[in-house]
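Notes to accompany the following structure.
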Amino acid sequence: MAGGRHGPGRPRSAGSAGRSTGTSATLGLNPFAAGNAEFLQKERLRSTLGGRLPTGRPASASGAVRSRRREHEVLQMLDRLEEKDTMELGVRQLQEVLASLQTPDELTWFLRVAFDERKPLASHKGRREQLLLLPRVVAHFGAAAADSGALEGRVLPCLARALRGPETEEVVTRAAVEILGHCAPLCGEEGAGLGFVGVCSALLRELLDPLVLGSGTDLAMKQRCVQVLGGLTPTIRSRENGRAR
């Protein structure tokens with residue numbers, strides 16, 4: 001029927017016309033696009049109103065948005081480690097993010113996002129570069145890494161878990177040696193930084209636990225653990241010799 005449900009010759013109301021030219025009509029039937037557009041509109045409105053929406057939503061509520069955006073950026077950096085052409089860029093960007101972190105909470109956040117065992121990197125070279133970030137984490141945070149529990153709770157277990165995969169002995173040994181290298185000398189001084197004895201003991205536990213009968217680890221991982229232990233021996237002995245002198 002001519003004129004549709006508004007009747008013959010009946011003009012459409014201003015309200016319905018406004019709705020037909022709104023976000024949903026502009027973007028079609030894609031609900032994701034509509035949601036994104038509405039989100040961006042709210043963000044722009046909040047910015048122009050000094051951080052508040054007309055509903056009175058405080059500016060601090062946008063902190064969750066910034067956190068999600070920051071996490072997404074780190075995940076994109078990890079994706080760059082997967083490709084040869086973008087690997088160097090990804091490493092540099094992750095190092096820059098790490099250098100900007102200051103608090104134990106930020107350390108926990110970074111380790112959770114950048115070393116999520118539920119989302120392992122696919123490429124061997126990507127995983128290698130990822131693991132070599134761990135010594136940088138320890139170097140950046142120093143004693144705070146141990147005091148916060150991040151060292152024993154996340155950093156060292158991450159190294160041990162990496163040995164589940166093939167051809168990981170060399171990079172795990174390198175990362176472990178670098179971590180021990182960031183520890184304070186065995187000079188008996190208190191408050192000198194990250195303690196070598198404590199870190200070394202925790203590291204050895206992580207590597208020895210898989211060797212226990214009934215631990216559930218396969219023979220290949222046990223062999224890798226033994227190889228890493230052998231690779232760490234010269235570093236440990238040199239520290240002990242330096243202490244004896």
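Convention: chains lettered A, B, ... in structure tokens order; per-chain residue numbering from 1; ligands numbered from 1 as shown.
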
query: DSSP on the backbone: what in stretch 86-236 of chain A comes out helix (DSSP H, G or I), as a PyMOL selection string?
result: chain A and resi 87-100+104-114+124-131+133-141+143-147+150-162+169-181+196-211+219-236

task: Give me, please, the distance in Å between atom CA of A:Gly230 and atom CA of A:Thr173, quoted to one decimal.
output: 9.0 Å

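In this comparison, which uses only C-alpha atoms, the residue of A:Arg68, A:Arg239, A:His182, A:Arg92 approaching A:Ala143 most closely is A:His182.
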
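Each of A:Leu204, A:Arg164, A:Asp79, A:Asp209 was compared to A:Lys119 using only C-alpha atoms, and A:Asp79 turns out to be the nearest.
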
- request: One decimal, Å: what's the distance from atom CA of A:Gly149 over to atom CA of A:Leu203, could you say?
  value: 13.5 Å
